[in-house]
2 protein chains.
Amino acid sequence: MQPEKEVTIYDIAKALNISPATVSRGLKDHSAISKNTRKRIFEAAQAMGYRFNSFASNLRRQKTNTIGVIVPRLNSAFMSDAIAGMEKVLNEAGYNLIISQSLEDTGKEEKNAVTMFNSRVDGLIVSLSYNTRAIPHFEQFIRRGIPLIFFDRIYEDSECPSIVINNYEAAYGITTHLIGEGCKRIVHITGNESGNVYRQRFEGYRDALKDGGIEWDKQCLIVNTLTSGDGEHAAEAILKMKRRPDGIFVANDNCAVSCMLSLKRQGIKVPDDIAIAGFNNDPISRVAEPNLTTIDYKGYEMGEVAAKTLIDRLNGTSGVPITNSLILKHEIIVRDSSLKNSRTKHR
Amino acid sequence: MQPEKEVTIYDIAKALNISPATVSRGLKDHSAISKNTRKRIFEAAQAMGYRFNSFASNLRRQKTNTIGVIVPRLNSAFMSDAIAGMEKVLNEAGYNLIISQSLEDTGKEEKNAVTMFNSRVDGLIVSLSYNTRAIPHFEQFIRRGIPLIFFDRIYEDSECPSIVINNYEAAYGITTHLIGEGCKRIVHITGNESGNVYRQRFEGYRDALKDGGIEWDKQCLIVNTLTSGDGEHAAEAILKMKRRPDGIFVANDNCAVSCMLSLKRQGIKVPDDIAIAGFNNDPISRVAEPNLTTIDYKGYEMGEVAAKTLIDRLNGTSGVPITNSLILKHEIIVRDSSLKNSRTKHR
DNA sequence: CTGTTAGCGCATTCAG
DNA sequence: CTGAATGCGCTAACAG
């Protein structure tokens, strides 16, 4: 089968005996084209199988109507929600999305950034990879005036708008909850402390201990990459501790669940021997037994807000200062994995 | 801060006193440019902050180096694996990806197809949405000679290459396993039977029953959309059945797990009262208690293969027939949720 | 090995 | 309300 030839506005113009300029305007509903001509143009375009050439348009207009998104991974409940939220808002505003994942690798993140740059995205929404500590690869965007928005895993030293939750407060709250349930010795399993997310969760945990009258013990901090494998290793480490903890606060649900299951396999009772709390309200937290106490925050909303903030910047009357950072709400979801007291009370 | 002006190959040419054509060639490592000139060009480009304009290039070459991907959803373990596999292969081959999700809505799938078409993707990889039964929205690609590859949820009546597993065989195998564990009455929970995936799983189940000497009973088929909500409803329905089943084969893990948890909440023992098996080997299947027996198939590999098949088509010496469809391997993963016999034996 | 030339399809200024 | 003319930046003949 022969590939059909592309139809251009010139072809339409010729067919209708008008000029290409008129066709171009008619196609984009320019007000200065008569209703009738416009109608004829649309009909001809339809009939001839015309398709808009966005490359020519982009080249001409020096704009792409494309937004780049770089995230650590797509395959988490939080992230795919966030992306769904962005897609909705940006599509409605007439933008397309190019999505790529850094797979928690700063090198790949840099390459992704180059691709986005060369694709001349009109704006960029980023959640940083695990180890990224500096953002020279994003500075070219800032220099060229291309709006850059961070969400969740943000770069704190930049002027860019950032959409986050209050990780400190969430961690403080959930740790306080564990203390309220009677935990005296609480281990914290978390990720690289140099990023905003895990550092703040750690700080919230630490301060909650202090304010709860529990002395902070270095032994109680386990830092890894929060994979499920890490959860199992952490469980081993915990079982080997001289002073065994009676509570664990893990900075993500995946790791929390695998840690919990490992502990259970070794005969530990959860929450009686050790109470456990996670972070993210991943669906997995509702499947694990006992169900996992965790922090809920809305990925979809975060995506929407990030996208809206970006659109503000794109349309923004420059000079007018726009809200720089937004802190969205979170919620502590208390489930069985941490309910020491309530168990005693109820049974 | 002033946005910097764009540097073009003309600027580089002027700076080096050579022609733009030479710069263009040098930049893409054309063999007919001396090593020395090439080096000077790269250095100048670097120094001047040049960035390649893919729109101009695309416009000129009538190619985009972009591949479109349309899938039902991104947020399943299988799908994000598949996409990771594609991304790897296609990136290495110099292609970019535009990804979009139909959210199981044929209407959105159609819109996505239009976007891809207007973005002039060089090729398209598709897994169909739940209800899609006809593909007029993809015919324009075929007409224009743009390679189209289906994977997993394929369109069976098309000439397009398809990458799948043998759903029939997998379902047959896992049902036979349930029968081997002593199940006499096995319910099948599945999705819309008009798509290849769920129809074949149903047929495999039905034939396994027949070959296992179990009479096929219409009552035992529950069709829904396989969400976790559907799993709960299915559990209710099962509990209301006059003849209660002793086995359930669910066409996806998510639904299987929520069904299993609902049954457990109602006091059913799994696997003793009812054995359960799922499909997909989703991480959730290893978290649920008991661990879920399921079918493993490799999303990553499927993505890689789909991408490679596409690349073959793109480079393909036309006329040479290329393998049209590929059937990848699957594996039955037996876990506790279906081990009636073994339990008896071991304890 | 390098240069000249032309045009990909569209949007926009300016002139009617 | 419409048309003529120009160029966005790059690539690929073709010609040295």
# chains A, B, ... in the order shown; residues from 1 in each chain; ligands from 1
$ interface_residues --of "chain A" --to "chain C" --cutoff "9 Å" --atoms "only C-alpha atoms (C1' of nucleotides)" --output "PyMOL selection string"
chain A and resi 8-10+21+24-25+53-61
$ write_last_selection --atoms "N, CA and C atoms" --output "JSON list (two decimals), in the first residue's frame"
[["chain", "number", "residue", "atom", "x", "y", "z"],
["A", 8, "THR", "N", -0.77, 20.04, 2.46],
["A", 8, "THR", "CA", -0.34, 21.26, 3.17],
["A", 8, "THR", "C", -1.38, 22.36, 2.97],
["A", 9, "ILE", "N", -1.16, 23.45, 3.65],
["A", 9, "ILE", "CA", -2.11, 24.56, 3.49],
["A", 9, "ILE", "C", -2.06, 25.09, 2.06],
["A", 10, "TYR", "N", -0.94, 24.87, 1.38],
["A", 10, "TYR", "CA", -0.86, 25.31, -0.01],
["A", 10, "TYR", "C", -1.83, 24.53, -0.89],
["A", 21, "ALA", "N", -2.05, 32.05, 3.28],
["A", 21, "ALA", "CA", -2.16, 32.83, 4.51],
["A", 21, "ALA", "C", -3.58, 32.76, 5.05],
["A", 24, "SER", "N", -4.10, 29.40, 6.60],
["A", 24, "SER", "CA", -3.44, 29.34, 7.90],
["A", 24, "SER", "C", -4.29, 30.01, 8.97],
["A", 25, "ARG", "N", -4.76, 31.21, 8.63],
["A", 25, "ARG", "CA", -5.58, 31.93, 9.61],
["A", 25, "ARG", "C", -6.90, 31.23, 9.86],
["A", 53, "ASN", "N", 1.03, 20.50, 10.61],
["A", 53, "ASN", "CA", 2.43, 20.16, 10.82],
["A", 53, "ASN", "C", 2.99, 20.99, 11.96],
["A", 54, "SER", "N", 3.05, 20.35, 13.11],
["A", 54, "SER", "CA", 3.47, 21.13, 14.28],
["A", 54, "SER", "C", 4.94, 21.49, 14.22],
["A", 55, "PHE", "N", 5.72, 20.76, 13.46],
["A", 55, "PHE", "CA", 7.14, 21.11, 13.40],
["A", 55, "PHE", "C", 7.35, 22.42, 12.67],
["A", 56, "ALA", "N", 6.67, 22.53, 11.55],
["A", 56, "ALA", "CA", 6.78, 23.79, 10.83],
["A", 56, "ALA", "C", 6.28, 24.92, 11.71],
["A", 57, "SER", "N", 5.18, 24.66, 12.37],
["A", 57, "SER", "CA", 4.61, 25.69, 13.24],
["A", 57, "SER", "C", 5.57, 26.04, 14.38],
["A", 58, "ASN", "N", 6.09, 25.02, 15.00],
["A", 58, "ASN", "CA", 7.02, 25.26, 16.10],
["A", 58, "ASN", "C", 8.24, 26.04, 15.62],
["A", 59, "LEU", "N", 8.73, 25.64, 14.48],
["A", 59, "LEU", "CA", 9.91, 26.30, 13.94],
["A", 59, "LEU", "C", 9.62, 27.78, 13.72],
["A", 60, "ARG", "N", 8.47, 27.99, 13.17],
["A", 60, "ARG", "CA", 8.10, 29.36, 12.85],
["A", 60, "ARG", "C", 7.84, 30.18, 14.13],
["A", 61, "ARG", "N", 7.10, 29.59, 15.04],
["A", 61, "ARG", "CA", 6.68, 30.36, 16.21],
["A", 61, "ARG", "C", 7.72, 30.38, 17.33]]
$ interface_residues --of "chain B" --to "chain A" --cutoff "9 Å" --atoms "only C-alpha atoms" --output "MDAnalysis selection string"
chainID B and resid 1:5 51:59 64 73:77 79:81 84 87 96:101 115 117:120 142:146 257:258 261 283:284 287:289
$ atom_distance --atom1 "atom CA of Phe279 of chain A" --atom2 "atom CA of Gly191 of chain A"
12.2 Å
$ interface_residues --of "chain D" --to "chain B" --cutoff "10 Å" --atoms "only C-alpha atoms (C1' of nucleotides)" --output "list of chain:residue names"
D:DC8, D:DG9, D:DC10, D:DT11, D:DA12
$ write_last_selection --atoms "N, CA and C atoms (P, O5', C5', C4', C3', O3' and C1' of nucleotides)" --output "PDB file, in the first residue's frame"
ATOM      1  P    DC D   8      15.639  33.711   9.683  1.00  0.00           P
ATOM      2  O5'  DC D   8      15.211  32.751  10.872  1.00  0.00           O
ATOM      3  C5'  DC D   8      14.181  33.097  11.786  1.00  0.00           C
ATOM      4  C4'  DC D   8      13.465  31.838  12.217  1.00  0.00           C
ATOM      5  C3'  DC D   8      14.389  30.634  12.314  1.00  0.00           C
ATOM      6  O3'  DC D   8      14.830  30.509  13.660  1.00  0.00           O
ATOM      7  C1'  DC D   8      12.303  30.106  11.179  1.00  0.00           C
ATOM      8  P    DG D   9      16.351  30.636  13.988  1.00  0.00           P
ATOM      9  O5'  DG D   9      16.864  29.205  13.506  1.00  0.00           O
ATOM     10  C5'  DG D   9      16.417  28.052  14.203  1.00  0.00           C
ATOM     11  C4'  DG D   9      16.813  26.842  13.401  1.00  0.00           C
ATOM     12  C3'  DG D   9      18.313  26.702  13.149  1.00  0.00           C
ATOM     13  O3'  DG D   9      18.709  25.486  13.743  1.00  0.00           O
ATOM     14  C1'  DG D   9      17.063  26.311  11.164  1.00  0.00           C
ATOM     15  P    DC D  10      20.074  24.803  13.512  1.00  0.00           P
ATOM     16  O5'  DC D  10      19.673  23.808  12.330  1.00  0.00           O
ATOM     17  C5'  DC D  10      18.740  22.777  12.612  1.00  0.00           C
ATOM     18  C4'  DC D  10      18.385  22.051  11.333  1.00  0.00           C
ATOM     19  C3'  DC D  10      19.523  21.246  10.732  1.00  0.00           C
ATOM     20  O3'  DC D  10      19.166  19.879  10.817  1.00  0.00           O
ATOM     21  C1'  DC D  10      18.362  22.541   9.088  1.00  0.00           C
ATOM     22  P    DT D  11      20.278  18.818  10.522  1.00  0.00           P
ATOM     23  O5'  DT D  11      19.995  18.498   8.976  1.00  0.00           O
ATOM     24  C5'  DT D  11      18.746  17.918   8.640  1.00  0.00           C
ATOM     25  C4'  DT D  11      18.662  17.762   7.150  1.00  0.00           C
ATOM     26  C3'  DT D  11      19.745  16.893   6.533  1.00  0.00           C
ATOM     27  O3'  DT D  11      19.057  16.076   5.608  1.00  0.00           O
ATOM     28  C1'  DT D  11      19.668  18.964   5.414  1.00  0.00           C
ATOM     29  P    DA D  12      19.594  14.645   5.259  1.00  0.00           P
ATOM     30  O5'  DA D  12      19.511  14.664   3.667  1.00  0.00           O
ATOM     31  C5'  DA D  12      18.361  15.250   3.058  1.00  0.00           C
ATOM     32  C4'  DA D  12      18.736  15.679   1.671  1.00  0.00           C
ATOM     33  C3'  DA D  12      19.786  14.782   1.020  1.00  0.00           C
ATOM     34  O3'  DA D  12      19.466  14.709  -0.355  1.00  0.00           O
ATOM     35  C1'  DA D  12      20.597  16.964   1.103  1.00  0.00           C
TER      36       DA D  12
END
